[in-house]
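Undergrad: Here's a structure for you.
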Amino acid sequence: MRIVMFGCPGAGKGTQAKVIATKTGAVHISTGDMLREAVAKETETGLKAKEYMSKGELVPDDVVVGIVKDKLINDNIKDFILDGFPRTIPQAKALDIMLSELNMPVEKVINLNIDHQVIVDRLCQRRVCLNCGETYHLVNHPPKVEGKCNACGADLIHRSDDQPEAINNRLDQYDKKTAPLIEFYKEQGKITDIDASGSIDEIRDNIMKTLGL
Ligand code: AP5
């Protein structure tokens with residue numbers, strides 16, 4: 001299984017990718033999570049990425065392509081769900097080259113469709129666990145104990161890019177740089193559109209059907 005989970009910020013890519021990964025054993029690869037970890041650990045990559053991420057701008061292509069390539073090769077990953085990557089045409093072209101060298105092309109791109117208006121509420125109410133990556137929504141998917149992760153008990157945080165100004169910037173970046181990938185993958189015949197405005201369970205069931213699971 002080699003899938004790209006595609007959609008604008010807050011469309012539910014991470015939420016759904018985690019469910020599919022648990023069900024199938026494919027590895028969930030989130031460039032956002034990897035970059036946030038690098039920022040927290042103050043690695044060279046993290047120091048480069050920090051400034052872009054806090055403003056809601058995209059991290060330069062070469063940095064992101066590098067971390068995905070390292071992950072796939074170093075961990076010898078064969079089945080994966082990419083979440084938040086690729087995000088630009090140059091990233092998608094670099095991914096195609098990388099995967100054709102490894103003889104394992106992307107099979108399907110799941111495009112989670114949703115209005116931008118719904119996104120601002122979802123992201124303002126989101127809380128995340130920096131320790132294990134689990135994601136919550138204060139109303140739709142609250143943690144059992146306020147401020148604590150159900151999975152590992154660590155403190156939950158409100159991401160610095162989940163503030164209205166950064167959210168609007170991320171949506172703007174998506175429209176300009178990421179949305180053109182829909183056409184790119186349509187031309188490859190790999191994209192499936194999924195309505196991402198329903199409940200988390202409804203969306204999961206539709207994705208599972210699309211994947212024949
Ligand atoms: P990243 O972490 O990838 O952020 P994003 O794409 O903006 O996506 P999000 O994590 O915000 O949303 P999501 O679609 O995963 O939604 P989620 O499932 O959490 O990237 C962050 C930053 O890193 C970028 O801005 C950039 O700077 C940098 N970066 C990362 N990758 C890069 C790349 N390839 N190139 C360059 N830069 C890169 O859901 C959102 C909320 O809604 C949650 O609270 C959830 O519980 C809730 N929710 C989910 N589904 C539903 C539903 N059906 N109904 C109600 N609530 C729901």
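Identifiers in this document derive from the order of the structure tokens: chains are assigned A, B, ..., residues are numbered from 1 separately in each chain, and ligands are numbered from 1 in order of occurrence.
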Go through segment 134-198 of chain A residue by residue and, counting only C-alpha atoms, keep those with an atom at most 8 Å from segment 5-13 of chain A; for each kept residue give the shortest atom pair and its distance in Å to one decimal, ordered by chain and increasing number, as CSV.
TA:
```
residue,atom,partner,partner_atom,distance
A:Ile167,CA,A:Pro9,CA,7.9
A:Arg170,CA,A:Pro9,CA,6.8
A:Leu171,CA,A:Pro9,CA,6.6
A:Tyr174,CA,A:Cys8,CA,6.1
A:Ala196,CA,A:Ala11,CA,6.5
```
Undergrad: Could you build a table of the residues in chain A lying no more than 6 Å from ligand 1, giving for each the nearest pair of atoms and their separation in Å rounded to one decimal place, using only C-alpha atoms and all ligand atoms, ordered by chain and ascending residue number, as a Markdown table?
TA:
```
| residue | atom | partner | partner_atom_place_in_ligand_line | distance |
| --- | --- | --- | --- | --- |
| A:Pro9 | CA | ligand 1 | 7 (O) | 3.4 |
| A:Gly10 | CA | ligand 1 | 12 (O) | 3.3 |
| A:Ala11 | CA | ligand 1 | 14 (O) | 4.0 |
| A:Gly12 | CA | ligand 1 | 18 (O) | 3.3 |
| A:Lys13 | CA | ligand 1 | 14 (O) | 3.8 |
| A:Gly14 | CA | ligand 1 | 15 (O) | 3.6 |
| A:Thr15 | CA | ligand 1 | 18 (O) | 3.6 |
| A:Thr31 | CA | ligand 1 | 31 (N) | 4.4 |
| A:Gly32 | CA | ligand 1 | 2 (O) | 3.4 |
| A:Asp33 | CA | ligand 1 | 2 (O) | 5.8 |
| A:Tyr52 | CA | ligand 1 | 27 (O) | 5.4 |
| A:Met53 | CA | ligand 1 | 27 (O) | 3.6 |
| A:Gly56 | CA | ligand 1 | 25 (O) | 4.5 |
| A:Glu57 | CA | ligand 1 | 27 (O) | 4.8 |
| A:Leu58 | CA | ligand 1 | 37 (N) | 3.7 |
| A:Val59 | CA | ligand 1 | 37 (N) | 3.8 |
| A:Pro60 | CA | ligand 1 | 36 (C) | 5.9 |
| A:Asp61 | CA | ligand 1 | 35 (N) | 6.0 |
| A:Val64 | CA | ligand 1 | 35 (N) | 5.6 |
| A:Gly84 | CA | ligand 1 | 3 (O) | 4.2 |
| A:Phe85 | CA | ligand 1 | 34 (N) | 4.0 |
| A:Pro86 | CA | ligand 1 | 34 (N) | 4.9 |
| A:Arg87 | CA | ligand 1 | 34 (N) | 4.7 |
| A:Arg122 | CA | ligand 1 | 42 (O) | 4.4 |
| A:Leu123 | CA | ligand 1 | 41 (C) | 5.2 |
| A:Arg126 | CA | ligand 1 | 44 (O) | 3.5 |
| A:Thr135 | CA | ligand 1 | 46 (O) | 5.6 |
| A:Tyr136 | CA | ligand 1 | 46 (O) | 4.3 |
| A:His137 | CA | ligand 1 | 44 (O) | 3.7 |
| A:Asn140 | CA | ligand 1 | 56 (N) | 5.5 |
| A:His141 | CA | ligand 1 | 46 (O) | 5.6 |
| A:Arg170 | CA | ligand 1 | 25 (O) | 5.8 |
| A:Ala196 | CA | ligand 1 | 53 (N) | 5.9 |
| A:Ser197 | CA | ligand 1 | 53 (N) | 5.7 |
| A:Gly198 | CA | ligand 1 | 53 (N) | 5.2 |
| A:Ser199 | CA | ligand 1 | 53 (N) | 4.2 |
| A:Ile200 | CA | ligand 1 | 53 (N) | 3.8 |
```
Undergrad: Mind listing the alpha helix (DSSP H) residues of segment 28-182 of chain A, per DSSP on the backbone, as a PyMOL selection string?
TA: chain A and resi 31-40+44-55+61-74+89-101+116-124+164-173+180-182
Undergrad: If you run DSSP over the backbone, which residues in segment 47-203 of chain A end up strand (DSSP E or B)? Put them as a list in words.
TA: Phe80, Ile81, Leu82, Asp83, Lys108, Val109, Ile110, Asn111, Leu112, Asn113, Arg126, Arg127, Val128, Cys129, Thr135, Tyr136, His137, His141, Lys148, Asp155, Leu156, Ile157, Ile191, Thr192, Asp193, Ile194 and Asp195 of chain A
Undergrad: Take the residues that were just selected and, keeping N, CA, C and O atoms, output them as an mmCIF file, in the first residue's frame.
TA:
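That gives us again_30.cif:
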```
data_model
loop_
_atom_site.group_PDB
_atom_site.id
_atom_site.type_symbol
_atom_site.label_atom_id
_atom_site.label_comp_id
_atom_site.auth_asym_id
_atom_site.auth_seq_id
_atom_site.Cartn_x
_atom_site.Cartn_y
_atom_site.Cartn_z
ATOM 1 N N PHE A 80 3.359 2.674 2.780
ATOM 2 C CA PHE A 80 3.333 3.947 3.501
ATOM 3 C C PHE A 80 2.092 4.770 3.164
ATOM 4 O O PHE A 80 1.459 4.571 2.123
ATOM 5 N N ILE A 81 1.779 5.673 4.089
ATOM 6 C CA ILE A 81 0.742 6.687 3.845
ATOM 7 C C ILE A 81 1.425 8.029 4.057
ATOM 8 O O ILE A 81 1.804 8.367 5.184
ATOM 9 N N LEU A 82 1.612 8.764 2.984
ATOM 10 C CA LEU A 82 2.254 10.079 3.087
ATOM 11 C C LEU A 82 1.202 11.109 3.462
ATOM 12 O O LEU A 82 0.139 11.182 2.844
ATOM 13 N N ASP A 83 1.505 11.910 4.479
ATOM 14 C CA ASP A 83 0.548 12.898 4.998
ATOM 15 C C ASP A 83 1.256 14.256 5.012
ATOM 16 O O ASP A 83 2.210 14.453 5.755
ATOM 17 N N LYS A 108 -2.230 5.380 -5.016
ATOM 18 C CA LYS A 108 -3.462 6.173 -4.943
ATOM 19 C C LYS A 108 -3.227 7.477 -4.192
ATOM 20 O O LYS A 108 -2.428 7.511 -3.252
ATOM 21 N N VAL A 109 -3.950 8.505 -4.624
ATOM 22 C CA VAL A 109 -3.932 9.788 -3.914
ATOM 23 C C VAL A 109 -5.365 10.044 -3.447
ATOM 24 O O VAL A 109 -6.291 10.111 -4.259
ATOM 25 N N ILE A 110 -5.544 10.119 -2.125
ATOM 26 C CA ILE A 110 -6.873 10.377 -1.556
ATOM 27 C C ILE A 110 -6.980 11.873 -1.314
ATOM 28 O O ILE A 110 -6.253 12.430 -0.489
ATOM 29 N N ASN A 111 -7.887 12.523 -2.041
ATOM 30 C CA ASN A 111 -8.038 13.976 -1.920
ATOM 31 C C ASN A 111 -9.219 14.304 -1.021
ATOM 32 O O ASN A 111 -10.378 14.101 -1.398
ATOM 33 N N LEU A 112 -8.936 14.801 0.187
ATOM 34 C CA LEU A 112 -9.992 15.146 1.144
ATOM 35 C C LEU A 112 -10.502 16.549 0.835
ATOM 36 O O LEU A 112 -9.797 17.536 1.044
ATOM 37 N N ASN A 113 -11.743 16.612 0.329
ATOM 38 C CA ASN A 113 -12.333 17.890 -0.106
ATOM 39 C C ASN A 113 -13.134 18.547 0.995
ATOM 40 O O ASN A 113 -14.024 17.922 1.562
ATOM 41 N N ARG A 126 -8.211 22.516 17.645
ATOM 42 C CA ARG A 126 -7.349 21.316 17.672
ATOM 43 C C ARG A 126 -6.337 21.391 18.818
ATOM 44 O O ARG A 126 -5.783 22.443 19.121
ATOM 45 N N ARG A 127 -6.063 20.255 19.434
ATOM 46 C CA ARG A 127 -4.970 20.130 20.404
ATOM 47 C C ARG A 127 -4.167 18.893 20.001
ATOM 48 O O ARG A 127 -4.756 17.896 19.582
ATOM 49 N N VAL A 128 -2.852 18.980 20.110
ATOM 50 C CA VAL A 128 -2.023 17.850 19.678
ATOM 51 C C VAL A 128 -1.050 17.436 20.779
ATOM 52 O O VAL A 128 -0.670 18.243 21.628
ATOM 53 N N CYS A 129 -0.639 16.175 20.696
ATOM 54 C CA CYS A 129 0.360 15.653 21.627
ATOM 55 C C CYS A 129 1.702 15.646 20.902
ATOM 56 O O CYS A 129 1.846 14.965 19.884
ATOM 57 N N THR A 135 -3.925 13.459 17.816
ATOM 58 C CA THR A 135 -4.605 14.735 17.556
ATOM 59 C C THR A 135 -6.004 14.724 18.151
ATOM 60 O O THR A 135 -6.704 13.713 18.054
ATOM 61 N N TYR A 136 -6.435 15.831 18.733
ATOM 62 C CA TYR A 136 -7.768 15.932 19.341
ATOM 63 C C TYR A 136 -8.470 17.185 18.831
ATOM 64 O O TYR A 136 -7.831 18.101 18.283
ATOM 65 N N HIS A 137 -9.806 17.218 19.013
ATOM 66 C CA HIS A 137 -10.591 18.424 18.736
ATOM 67 C C HIS A 137 -11.411 18.650 19.997
ATOM 68 O O HIS A 137 -12.028 17.696 20.510
ATOM 69 N N HIS A 141 -13.673 15.608 19.141
ATOM 70 C CA HIS A 141 -12.854 14.444 19.539
ATOM 71 C C HIS A 141 -12.011 14.860 20.746
ATOM 72 O O HIS A 141 -10.788 14.972 20.671
ATOM 73 N N LYS A 148 -4.687 16.339 28.503
ATOM 74 C CA LYS A 148 -3.771 15.185 28.535
ATOM 75 C C LYS A 148 -4.075 14.229 27.382
ATOM 76 O O LYS A 148 -5.240 14.002 27.048
ATOM 77 N N ASP A 155 1.229 16.176 28.039
ATOM 78 C CA ASP A 155 0.423 17.399 27.901
ATOM 79 C C ASP A 155 0.072 17.650 26.434
ATOM 80 O O ASP A 155 0.894 17.412 25.549
ATOM 81 N N LEU A 156 -1.133 18.168 26.201
ATOM 82 C CA LEU A 156 -1.538 18.552 24.838
ATOM 83 C C LEU A 156 -1.206 20.016 24.620
ATOM 84 O O LEU A 156 -1.281 20.822 25.561
ATOM 85 N N ILE A 157 -0.867 20.379 23.386
ATOM 86 C CA ILE A 157 -0.564 21.784 23.094
ATOM 87 C C ILE A 157 -1.461 22.315 21.969
ATOM 88 O O ILE A 157 -2.026 21.542 21.184
ATOM 89 N N ILE A 191 -5.952 9.972 -8.613
ATOM 90 C CA ILE A 191 -6.628 10.711 -7.535
ATOM 91 C C ILE A 191 -8.071 10.232 -7.314
ATOM 92 O O ILE A 191 -8.773 9.914 -8.276
ATOM 93 N N THR A 192 -8.479 10.131 -6.048
ATOM 94 C CA THR A 192 -9.874 9.849 -5.705
ATOM 95 C C THR A 192 -10.335 10.947 -4.752
ATOM 96 O O THR A 192 -9.684 11.205 -3.742
ATOM 97 N N ASP A 193 -11.461 11.592 -5.101
ATOM 98 C CA ASP A 193 -11.995 12.659 -4.249
ATOM 99 C C ASP A 193 -12.881 12.058 -3.157
ATOM 100 O O ASP A 193 -13.718 11.200 -3.444
ATOM 101 N N ILE A 194 -12.683 12.539 -1.932
ATOM 102 C CA ILE A 194 -13.523 12.101 -0.804
ATOM 103 C C ILE A 194 -14.076 13.357 -0.134
ATOM 104 O O ILE A 194 -13.331 14.294 0.155
ATOM 105 N N ASP A 195 -15.408 13.344 0.123
ATOM 106 C CA ASP A 195 -16.021 14.477 0.835
ATOM 107 C C ASP A 195 -15.557 14.418 2.296
ATOM 108 O O ASP A 195 -15.835 13.435 2.986
#
```
Undergrad: Contacts of Leu211 of chain A at 10 Å or less, counting only C-alpha atoms, minus same-chain residues fewer than 3 places along, as a list of chain:residue names?
TA: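 So, after excluding close chain neighbours, the residues are A:Met1, A:Ile3, A:Ile20, A:Lys108, A:Ile110, A:Thr192, A:Asp205, A:Asn206, A:Ile207, A:Met208.
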Undergrad: I need the residues from that last selection saved to file as a compact mmCIF listing (two decimals), in the first residue's frame (with all heavy atoms), if you can.
TA:
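Saved file part_23.txt follows:
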```
# COMPACT_ATOMS: atom_id res chain seq x y z
N MET A 1 0.83 -1.19 0.00
CA MET A 1 0.00 0.00 0.00
C MET A 1 0.87 1.25 0.00
O MET A 1 1.66 1.45 0.92
CB MET A 1 -0.88 -0.03 1.24
CG MET A 1 -1.67 1.24 1.43
SD MET A 1 -2.81 1.13 2.79
CE MET A 1 -4.02 0.04 2.13
N ILE A 3 0.24 5.20 -0.46
CA ILE A 3 -0.84 6.19 -0.59
C ILE A 3 -0.35 7.58 -0.24
O ILE A 3 0.46 7.75 0.67
CB ILE A 3 -1.98 5.81 0.38
CG1 ILE A 3 -2.59 4.50 -0.08
CG2 ILE A 3 -3.05 6.87 0.46
CD1 ILE A 3 -3.55 3.95 0.91
N ILE A 20 -5.91 4.49 9.07
CA ILE A 20 -5.57 3.53 8.01
C ILE A 20 -4.27 2.80 8.34
O ILE A 20 -4.14 1.60 8.12
CB ILE A 20 -5.43 4.24 6.65
CG1 ILE A 20 -6.74 4.94 6.30
CG2 ILE A 20 -5.09 3.25 5.54
CD1 ILE A 20 -6.59 5.92 5.17
N LYS A 108 -2.23 5.38 -5.02
CA LYS A 108 -3.46 6.17 -4.94
C LYS A 108 -3.23 7.48 -4.19
O LYS A 108 -2.43 7.51 -3.25
CB LYS A 108 -4.53 5.40 -4.17
CG LYS A 108 -5.55 4.73 -5.07
CD LYS A 108 -6.68 4.18 -4.22
CE LYS A 108 -7.48 3.13 -4.97
NZ LYS A 108 -8.18 3.62 -6.13
N ILE A 110 -5.54 10.12 -2.12
CA ILE A 110 -6.87 10.38 -1.56
C ILE A 110 -6.98 11.87 -1.31
O ILE A 110 -6.25 12.43 -0.49
CB ILE A 110 -7.04 9.64 -0.20
CG1 ILE A 110 -6.74 8.16 -0.31
CG2 ILE A 110 -8.42 9.91 0.40
CD1 ILE A 110 -7.77 7.35 -0.99
N THR A 192 -8.48 10.13 -6.05
CA THR A 192 -9.87 9.85 -5.70
C THR A 192 -10.33 10.95 -4.75
O THR A 192 -9.68 11.20 -3.74
CB THR A 192 -10.01 8.49 -4.97
OG1 THR A 192 -9.47 7.48 -5.81
CG2 THR A 192 -11.45 8.18 -4.65
N ASP A 205 -14.84 5.33 6.61
CA ASP A 205 -15.49 4.24 5.88
C ASP A 205 -15.39 4.46 4.37
O ASP A 205 -15.15 3.51 3.62
CB ASP A 205 -16.97 4.12 6.29
CG ASP A 205 -17.11 3.60 7.72
OD1 ASP A 205 -16.10 3.13 8.27
OD2 ASP A 205 -18.22 3.69 8.27
N ASN A 206 -15.56 5.71 3.93
CA ASN A 206 -15.46 5.98 2.49
C ASN A 206 -14.04 5.73 1.97
O ASN A 206 -13.86 5.21 0.87
CB ASN A 206 -15.88 7.43 2.19
CG ASN A 206 -17.38 7.60 2.29
OD1 ASN A 206 -18.11 6.63 2.13
ND2 ASN A 206 -17.83 8.80 2.58
N ILE A 207 -13.06 6.11 2.77
CA ILE A 207 -11.67 5.86 2.34
C ILE A 207 -11.40 4.36 2.27
O ILE A 207 -10.81 3.86 1.30
CB ILE A 207 -10.66 6.54 3.30
CG1 ILE A 207 -10.82 8.06 3.24
CG2 ILE A 207 -9.23 6.15 2.95
CD1 ILE A 207 -9.97 8.83 4.25
N MET A 208 -11.86 3.64 3.27
CA MET A 208 -11.65 2.18 3.30
C MET A 208 -12.27 1.53 2.05
O MET A 208 -11.68 0.65 1.45
CB MET A 208 -12.27 1.55 4.56
CG MET A 208 -11.56 1.94 5.83
SD MET A 208 -9.85 1.37 5.84
CE MET A 208 -9.30 2.01 7.38
```
Undergrad: Using only C-alpha atoms, pick whichever of A:Ala151, A:Val4, A:Ile29, A:Cys124 has the shortest atom-to-atom distance to Leu72 of chain A.
TA: A:Ile29
